[in-house]
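Raw final-v5.pdb, PDB, C-alpha atoms:
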ATOM      1  CA  MET A1003      -8.628   6.752   9.248  1.00  0.00           C
ATOM      2  CA  GLN A1004      -5.461   5.998   7.299  1.00  0.00           C
ATOM      3  CA  GLN A1005      -5.665   3.907   4.140  1.00  0.00           C
ATOM      4  CA  ASN A1006      -3.559   1.103   5.651  1.00  0.00           C
ATOM      5  CA  GLU A1007      -5.968   0.933   8.635  1.00  0.00           C
ATOM      6  CA  LEU A1008      -8.936   0.757   6.267  1.00  0.00           C
ATOM      7  CA  GLN A1009      -7.215  -1.983   4.250  1.00  0.00           C
ATOM      8  CA  GLN A1010      -6.564  -3.980   7.417  1.00  0.00           C
ATOM      9  CA  ILE A1011     -10.139  -3.703   8.653  1.00  0.00           C
ATOM     10  CA  LEU A1012     -11.605  -4.685   5.284  1.00  0.00           C
ATOM     11  CA  THR A1013      -9.132  -7.564   4.900  1.00  0.00           C
ATOM     12  CA  ASP A1014      -9.831  -8.908   8.391  1.00  0.00           C
ATOM     13  CA  PHE A1015     -13.580  -8.541   7.916  1.00  0.00           C
ATOM     14  CA  ALA A1016     -13.473 -10.336   4.556  1.00  0.00           C
ATOM     15  CA  ALA A1017     -11.382 -13.170   6.044  1.00  0.00           C
ATOM     16  CA  ASP A1018     -13.894 -13.651   8.870  1.00  0.00           C
ATOM     17  CA  ARG A1019     -16.827 -13.453   6.431  1.00  0.00           C
ATOM     18  CA  LEU A1020     -15.193 -16.070   4.203  1.00  0.00           C
ATOM     19  CA  ALA A1021     -14.656 -18.393   7.187  1.00  0.00           C
ATOM     20  CA  LEU A1022     -18.376 -18.164   7.993  1.00  0.00           C
ATOM     21  CA  LEU A1023     -19.319 -18.821   4.370  1.00  0.00           C
ATOM     22  CA  GLU A1024     -17.134 -21.934   4.271  1.00  0.00           C
ATOM     23  CA  ARG A1025     -18.659 -23.096   7.569  1.00  0.00           C
ATOM     24  CA  HIS A1026     -22.186 -22.620   6.213  1.00  0.00           C
ATOM     25  CA  GLU A1027     -21.300 -24.513   3.032  1.00  0.00           C
ATOM     26  CA  ALA A1028     -20.042 -27.396   5.202  1.00  0.00           C
ATOM     27  CA  GLY A1029     -23.214 -27.223   7.296  1.00  0.00           C
ATOM     28  CA  ALA A1030     -25.388 -27.339   4.175  1.00  0.00           C
ATOM     29  CA  ARG A1031     -23.679 -30.583   3.127  1.00  0.00           C
ATOM     30  CA  VAL A1032     -24.695 -32.174   6.447  1.00  0.00           C
ATOM     31  CA  VAL A1033     -28.163 -30.724   7.020  1.00  0.00           C
ATOM     32  CA  SER A1034     -30.317 -32.754   4.658  1.00  0.00           C
ATOM     33  CA  HIS A1035     -33.681 -31.549   6.002  1.00  0.00           C
ATOM     34  CA  TYR A1036     -35.204 -29.829   2.972  1.00  0.00           C
ATOM     35  CA  ASP A1037     -36.479 -26.634   4.635  1.00  0.00           C
ATOM     36  CA  PHE A1038     -33.396 -26.145   6.795  1.00  0.00           C
ATOM     37  CA  ASN A1039     -31.116 -26.745   3.820  1.00  0.00           C
ATOM     38  CA  ASN A1040     -33.042 -24.069   1.898  1.00  0.00           C
ATOM     39  CA  THR A1041     -32.199 -21.705   4.739  1.00  0.00           C
ATOM     40  CA  TYR A1042     -28.518 -22.516   4.218  1.00  0.00           C
ATOM     41  CA  GLN A1043     -28.832 -21.900   0.479  1.00  0.00           C
ATOM     42  CA  TYR A1044     -30.389 -18.490   1.111  1.00  0.00           C
ATOM     43  CA  VAL A1045     -27.729 -17.514   3.664  1.00  0.00           C
ATOM     44  CA  ILE A1046     -24.879 -18.753   1.448  1.00  0.00           C
ATOM     45  CA  SER A1047     -26.195 -16.753  -1.506  1.00  0.00           C
ATOM     46  CA  ARG A1048     -26.256 -13.548   0.542  1.00  0.00           C
ATOM     47  CA  GLU A1049     -22.808 -14.257   1.988  1.00  0.00           C
ATOM     48  CA  GLU A1050     -21.417 -14.673  -1.520  1.00  0.00           C
ATOM     49  CA  THR A1051     -22.864 -11.251  -2.338  1.00  0.00           C
ATOM     50  CA  HIS A1052     -21.216  -9.800   0.781  1.00  0.00           C
ATOM     51  CA  LEU A1053     -17.873 -11.239  -0.297  1.00  0.00           C
ATOM     52  CA  THR A1054     -18.289  -9.737  -3.770  1.00  0.00           C
ATOM     53  CA  TRP A1055     -18.786  -6.308  -2.180  1.00  0.00           C
ATOM     54  CA  LEU A1056     -15.751  -6.795   0.044  1.00  0.00           C
ATOM     55  CA  GLN A1057     -13.585  -8.006  -2.831  1.00  0.00           C
ATOM     56  CA  SER A1058     -14.548  -4.927  -4.861  1.00  0.00           C
ATOM     57  CA  ALA A1059     -13.699  -2.640  -1.944  1.00  0.00           C
ATOM     58  CA  LEU A1060     -10.349  -4.354  -1.487  1.00  0.00           C
ATOM     59  CA  ALA A1061      -9.616  -4.220  -5.229  1.00  0.00           C
ATOM     60  CA  GLU A1062     -10.182  -0.436  -5.143  1.00  0.00           C
ATOM     61  CA  LEU A1063      -7.461  -0.271  -2.499  1.00  0.00           C
ATOM     62  CA  GLY A1064      -5.166  -2.575  -4.477  1.00  0.00           C
ATOM     63  CA  VAL A1065      -5.459  -5.452  -2.004  1.00  0.00           C
ATOM     64  CA  ALA A1066      -5.967  -9.095  -2.925  1.00  0.00           C
ATOM     65  CA  PRO A1067      -8.858 -11.010  -1.326  1.00  0.00           C
ATOM     66  CA  PRO A1068      -7.731 -12.818   1.843  1.00  0.00           C
ATOM     67  CA  LYS A1069      -7.977 -16.463   2.764  1.00  0.00           C
ATOM     68  CA  ALA A1070     -10.473 -17.497   5.429  1.00  0.00           C
ATOM     69  CA  SER A1071      -9.387 -16.416   8.899  1.00  0.00           C
ATOM     70  CA  SER A1072     -10.036 -19.881  10.323  1.00  0.00           C
ATOM     71  CA  THR A1073     -11.692 -23.202   9.680  1.00  0.00           C
ATOM     72  CA  MET A1074     -14.809 -23.826  11.718  1.00  0.00           C
ATOM     73  CA  ALA A1075     -15.784 -27.434  12.282  1.00  0.00           C
ATOM     74  CA  VAL A1076     -19.365 -28.588  11.902  1.00  0.00           C
ATOM     75  CA  PRO A1077     -20.752 -30.204  15.067  1.00  0.00           C
ATOM     76  CA  ALA A1078     -21.532 -33.870  14.549  1.00  0.00           C
ATOM     77  CA  ALA A1079     -25.128 -34.483  13.527  1.00  0.00           C
ATOM     78  CA  ALA A1080     -27.120 -37.011  15.483  1.00  0.00           C
ATOM     79  CA  ALA A1081     -26.100 -40.457  14.306  1.00  0.00           C
ATOM     80  CA  LYS A1082     -29.683 -41.622  14.047  1.00  0.00           C
ATOM     81  CA  ARG A1083     -32.002 -39.143  12.465  1.00  0.00           C
ATOM     82  CA  VAL A1084     -35.424 -39.100  14.044  1.00  0.00           C
ATOM     83  CA  LYS A1085     -38.211 -39.619  11.514  1.00  0.00           C
ATOM     84  CA  GLY A1086     -40.653 -36.727  11.367  1.00  0.00           C
ATOM     85  CA  ASP A1087     -38.519 -34.422  13.525  1.00  0.00           C
ATOM     86  CA  GLY A1088     -35.590 -33.180  11.463  1.00  0.00           C
ATOM     87  CA  ALA A1089     -34.899 -30.361  13.888  1.00  0.00           C
ATOM     88  CA  THR A1090     -33.753 -32.847  16.496  1.00  0.00           C
ATOM     89  CA  ALA A1091     -31.083 -34.320  14.250  1.00  0.00           C
ATOM     90  CA  PHE A1092     -29.623 -30.977  13.208  1.00  0.00           C
ATOM     91  CA  ARG A1093     -30.227 -28.768  16.249  1.00  0.00           C
ATOM     92  CA  ASP A1094     -26.554 -28.701  17.314  1.00  0.00           C
ATOM     93  CA  ILE A1095     -25.412 -27.592  13.872  1.00  0.00           C
ATOM     94  CA  LEU A1096     -28.108 -24.918  13.541  1.00  0.00           C
ATOM     95  CA  GLU A1097     -27.479 -23.596  17.061  1.00  0.00           C
ATOM     96  CA  ASP A1098     -23.749 -23.457  16.358  1.00  0.00           C
ATOM     97  CA  ASP A1099     -24.377 -21.416  13.212  1.00  0.00           C
ATOM     98  CA  ALA A1100     -26.579 -19.001  15.143  1.00  0.00           C
ATOM     99  CA  ARG A1101     -23.931 -18.694  17.860  1.00  0.00           C
ATOM    100  CA  THR A1102     -21.024 -18.074  15.455  1.00  0.00           C
ATOM    101  CA  LEU A1103     -22.992 -15.427  13.569  1.00  0.00           C
ATOM    102  CA  GLY A1104     -23.806 -13.718  16.864  1.00  0.00           C
ATOM    103  CA  GLU A1105     -20.120 -13.704  17.815  1.00  0.00           C
ATOM    104  CA  PHE A1106     -19.205 -12.316  14.391  1.00  0.00           C
ATOM    105  CA  VAL A1107     -21.644  -9.405  14.763  1.00  0.00           C
ATOM    106  CA  LYS A1108     -20.695  -8.747  18.381  1.00  0.00           C
ATOM    107  CA  GLY A1109     -16.984  -8.750  17.572  1.00  0.00           C
ATOM    108  CA  TRP A1110     -17.232  -6.482  14.542  1.00  0.00           C
ATOM    109  CA  ARG A1111     -19.760  -3.841  15.657  1.00  0.00           C
ATOM    110  CA  PRO A1112     -17.209  -1.869  17.767  1.00  0.00           C
ATOM    111  CA  ARG A1113     -14.505  -2.007  15.083  1.00  0.00           C
ATOM    112  CA  MET A1114     -16.907  -1.012  12.334  1.00  0.00           C
ATOM    113  CA  ALA A1115     -18.297   1.906  14.371  1.00  0.00           C
ATOM    114  CA  ALA A1116     -14.808   3.448  14.533  1.00  0.00           C
ATOM    115  CA  MET A1117     -14.501   3.622  10.731  1.00  0.00           C
ATOM    116  CA  THR A1118     -14.537   7.095   9.229  1.00  0.00           C
ATOM    117  CA  HIS A1119     -14.877   5.958   5.599  1.00  0.00           C
ATOM    118  CA  ALA A1120     -18.657   6.353   5.228  1.00  0.00           C
ATOM    119  CA  ARG A1121     -19.240   4.120   2.178  1.00  0.00           C
ATOM    120  CA  HIS A1122     -17.299   1.172   3.574  1.00  0.00           C
ATOM    121  CA  ARG A1123     -18.743   1.673   7.068  1.00  0.00           C
ATOM    122  CA  ILE A1124     -22.272   1.515   5.620  1.00  0.00           C
ATOM    123  CA  MET A1125     -21.356  -1.587   3.605  1.00  0.00           C
ATOM    124  CA  LEU A1126     -20.074  -3.334   6.737  1.00  0.00           C
ATOM    125  CA  ASP A1127     -23.167  -2.215   8.635  1.00  0.00           C
ATOM    126  CA  VAL A1128     -25.397  -3.820   5.971  1.00  0.00           C
ATOM    127  CA  VAL A1129     -23.360  -7.040   6.139  1.00  0.00           C
ATOM    128  CA  LEU A1130     -23.604  -7.111   9.933  1.00  0.00           C
ATOM    129  CA  GLY A1131     -27.342  -6.401   9.790  1.00  0.00           C
ATOM    130  CA  GLU A1132     -27.918  -9.254   7.373  1.00  0.00           C
ATOM    131  CA  SER A1133     -25.679 -11.489   9.485  1.00  0.00           C
ATOM    132  CA  ARG A1134     -27.917 -10.741  12.456  1.00  0.00           C
ATOM    133  CA  GLU A1135     -30.918 -11.723  10.324  1.00  0.00           C
ATOM    134  CA  HIS A1136     -29.183 -14.958   9.316  1.00  0.00           C
ATOM    135  CA  GLN A1137     -28.556 -15.641  12.995  1.00  0.00           C
ATOM    136  CA  ARG A1138     -32.294 -15.301  13.601  1.00  0.00           C
ATOM    137  CA  LEU A1139     -33.064 -17.711  10.737  1.00  0.00           C
ATOM    138  CA  PHE A1140     -30.749 -20.349  12.208  1.00  0.00           C
ATOM    139  CA  GLU A1141     -32.246 -19.831  15.673  1.00  0.00           C
ATOM    140  CA  GLN A1142     -35.737 -20.420  14.262  1.00  0.00           C
ATOM    141  CA  ALA A1143     -34.599 -23.540  12.416  1.00  0.00           C
ATOM    142  CA  ALA A1144     -32.873 -24.868  15.547  1.00  0.00           C
ATOM    143  CA  ALA A1145     -36.153 -24.401  17.408  1.00  0.00           C
ATOM    144  CA  GLY A1146     -37.814 -26.671  14.827  1.00  0.00           C
ATOM    145  CA  PHE A1147     -39.658 -23.996  12.860  1.00  0.00           C
ATOM    146  CA  GLU A1148     -39.689 -25.351   9.311  1.00  0.00           C
ATOM    147  CA  ASP A1149     -41.294 -22.360   7.587  1.00  0.00           C
ATOM    148  CA  VAL A1150     -38.245 -20.151   8.092  1.00  0.00           C
ATOM    149  CA  LEU A1151     -38.311 -18.814   4.536  1.00  0.00           C
ATOM    150  CA  GLY A1152     -42.078 -18.867   4.035  1.00  0.00           C
ATOM    151  CA  ARG A1153     -45.169 -20.957   4.487  1.00  0.00           C
ATOM    152  CA  ARG A1154     -45.937 -23.959   2.354  1.00  0.00           C
ATOM    153  CA  THR A1155     -49.133 -24.320   0.400  1.00  0.00           C
ATOM    154  CA  ALA A1156     -51.893 -25.664   2.621  1.00  0.00           C
ATOM    155  CA  ASP A1157     -51.842 -29.448   3.005  1.00  0.00           C
ATOM    156  CA  ALA A1158     -48.485 -29.749   1.197  1.00  0.00           C
ATOM    157  CA  VAL A1159     -46.715 -32.864   2.403  1.00  0.00           C
ATOM    158  CA  ARG A1160     -43.176 -32.430   3.698  1.00  0.00           C
ATOM    159  CA  ARG A1161     -41.000 -35.254   2.462  1.00  0.00           C
ATOM    160  CA  GLY A1162     -37.608 -35.908   1.022  1.00  0.00           C
ATOM    161  CA  SER A1163     -34.193 -34.615   1.860  1.00  0.00           C
ATOM    162  CA  VAL A1164     -31.230 -32.950   0.241  1.00  0.00           C
ATOM    163  CA  LEU A1165     -28.163 -34.916  -0.802  1.00  0.00           C
ATOM    164  CA  PRO A1166     -24.725 -33.789   0.467  1.00  0.00           C
ATOM    165  CA  ALA A1167     -23.441 -33.211  -3.071  1.00  0.00           C
ATOM    166  CA  ARG A1168     -25.043 -32.331  -6.374  1.00  0.00           C
ATOM    167  CA  TRP A1169     -25.318 -35.122  -8.878  1.00  0.00           C
ATOM    168  CA  MET A1170     -22.720 -34.850 -11.640  1.00  0.00           C
ATOM    169  CA  GLU A1171     -21.939 -36.936 -14.709  1.00  0.00           C
TER
END
For this file, write the structure as structure tokens.
Amino acid sequence: MQQNELQQILTDFAADRLALLERHEAGARVVSHYDFNNTYQYVISREETHLTWLQSALAELGVAPPKASSTMAVPAAAAKRVKGDGATAFRDILEDDARTLGEFVKGWRPRMAAMTHARHRIMLDVVLGESREHQRLFEQAAAGFEDVLGRRTADAVRRGSVLPARWME
């Protein structure tokens, strides 16, 4: 694999990864259900790590980090949120995130498999593997499973929601 081909693959991959990160950040601002929002925070944290790896790989090749490949809109949340069933209000958003992650993995597996640069191929494989795991997390949340990231203490009451923006002075 020529260096310019490697640069192009890493640049395109990073641009697609950044588009997904921005989409998940937008989704987190809409999904106020506490447990589902925690899922977004976990996924976003890992995606930021992925982008750090990609930026380092691109810097080694003398390439600047790309802009997001596209802007992905967040499906409209249900206008009236159903009390006691947060999954209903956010199902479309969570399903869309699962779908887009699935498309990302499906689209990149063949391109990544053709890479001959072992270190970068393994890095992309790890990113795709974690993306597949994130897809599974969003699928579980869309199905209404609130304990996506772990079980609550017995008899712990679920209440409250997450605000769309952090409070600032």
**Ground truth for the PyMOL selection byres ((chain A and resi 1118) around 12), written as a count of residues only** = 17
**Message:** What's the separation between atom CA of Gly1064 of chain A and atom CA of Ala1021 of chain A, in Å to one decimal place?
**Reply:**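 Between atom CA of Gly1064 of chain A and atom CA of Ala1021 of chain A the gap is 21.8 Å.
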**Item:** Contacts of Arg1134 of chain A within 12 Å, all atoms listed in the file, excl. fewer than 6 positions in-chain, as a list in words
**Value:**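 Final neighbour list, sorted by chain and number: Val1045, Asp1099, Ala1100, Arg1101, Thr1102, Leu1103, Gly1104, Glu1105, Phe1106, Val1107, Lys1108, Trp1110, Arg1111, Asp1127, Val1128, Phe1140 and Glu1141 of chain A.
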With C-alpha atoms retained, export the selected residues as a compact mmCIF listing (two decimals), in the coordinates of the input.
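The resulting file, out-v1.txt, is shown below:
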# COMPACT_ATOMS: atom_id res chain seq x y z
CA VAL A 1045 -27.73 -17.51 3.66
CA ASP A 1099 -24.38 -21.42 13.21
CA ALA A 1100 -26.58 -19.00 15.14
CA ARG A 1101 -23.93 -18.69 17.86
CA THR A 1102 -21.02 -18.07 15.46
CA LEU A 1103 -22.99 -15.43 13.57
CA GLY A 1104 -23.81 -13.72 16.86
CA GLU A 1105 -20.12 -13.70 17.82
CA PHE A 1106 -19.20 -12.32 14.39
CA VAL A 1107 -21.64 -9.40 14.76
CA LYS A 1108 -20.70 -8.75 18.38
CA TRP A 1110 -17.23 -6.48 14.54
CA ARG A 1111 -19.76 -3.84 15.66
CA ASP A 1127 -23.17 -2.22 8.64
CA VAL A 1128 -25.40 -3.82 5.97
CA PHE A 1140 -30.75 -20.35 12.21
CA GLU A 1141 -32.25 -19.83 15.67
**Item:** Closest of A:Pro1067, A:Trp1055, A:His1026, A:Val1033 to Thr1013 of chain A - atom-to-atom distances counting all atoms listed in the file
**Value:** A:Pro1067
**Selection: 9 Å around Ile1095 of chain A, only C-alpha atoms, excl. self and same-chain fewer than 6 positions, as a PyMOL selection string** = chain A and resi 1029+1032-1033+1076-1079+1144
Atoms kept (C-alpha atoms) for selection, written as a PDB file, keeping the file's coordinate frame:
ATOM      1  CA  GLY A1029     -23.214 -27.223   7.296  1.00  0.00           C
ATOM      2  CA  VAL A1032     -24.695 -32.174   6.447  1.00  0.00           C
ATOM      3  CA  VAL A1033     -28.163 -30.724   7.020  1.00  0.00           C
ATOM      4  CA  VAL A1076     -19.365 -28.588  11.902  1.00  0.00           C
ATOM      5  CA  PRO A1077     -20.752 -30.204  15.067  1.00  0.00           C
ATOM      6  CA  ALA A1078     -21.532 -33.870  14.549  1.00  0.00           C
ATOM      7  CA  ALA A1079     -25.128 -34.483  13.527  1.00  0.00           C
ATOM      8  CA  ALA A1144     -32.873 -24.868  15.547  1.00  0.00           C
TER       9      ALA A1144
END
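Among the candidates A:Ala1028, A:Ala1075, A:Leu1096, A:Ala1017, the one nearest to Leu1056 of chain A when counting all atoms listed in the file is A:Ala1017.
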Residues picked by the PyMOL selection byres ((chain A and resi 1023) around 10) here, as a CSV table (one decimal) with C-alpha atoms, in the frame of the given file?
chain,number,residue,atom,x,y,z
A,1017,ALA,CA,-11.4,-13.2,6.0
A,1018,ASP,CA,-13.9,-13.7,8.9
A,1019,ARG,CA,-16.8,-13.5,6.4
A,1020,LEU,CA,-15.2,-16.1,4.2
A,1021,ALA,CA,-14.7,-18.4,7.2
A,1022,LEU,CA,-18.4,-18.2,8.0
A,1024,GLU,CA,-17.1,-21.9,4.3
A,1025,ARG,CA,-18.7,-23.1,7.6
A,1026,HIS,CA,-22.2,-22.6,6.2
A,1027,GLU,CA,-21.3,-24.5,3.0
A,1028,ALA,CA,-20.0,-27.4,5.2
A,1029,GLY,CA,-23.2,-27.2,7.3
A,1042,TYR,CA,-28.5,-22.5,4.2
A,1045,VAL,CA,-27.7,-17.5,3.7
A,1046,ILE,CA,-24.9,-18.8,1.4
A,1047,SER,CA,-26.2,-16.8,-1.5
A,1048,ARG,CA,-26.3,-13.5,0.5
A,1049,GLU,CA,-22.8,-14.3,2.0
A,1050,GLU,CA,-21.4,-14.7,-1.5
A,1052,HIS,CA,-21.2,-9.8,0.8
A,1053,LEU,CA,-17.9,-11.2,-0.3
A,1070,ALA,CA,-10.5,-17.5,5.4
A,1074,MET,CA,-14.8,-23.8,11.7
**Message:** Evaluate the PyMOL selection byres ((chain A and resi 1145) around 10) against this structure - the residues, as an MDAnalysis selection string, please.
**Reply:** chainID A and resid 1089:1090 1093 1096:1097 1139:1144 1146:1148
**Request:** Using atom CA of Glu1132 of chain A and atom CA of Thr1041 of chain A as the two end points, give the distance in Å to one decimal.
**Result:** 13.4 Å
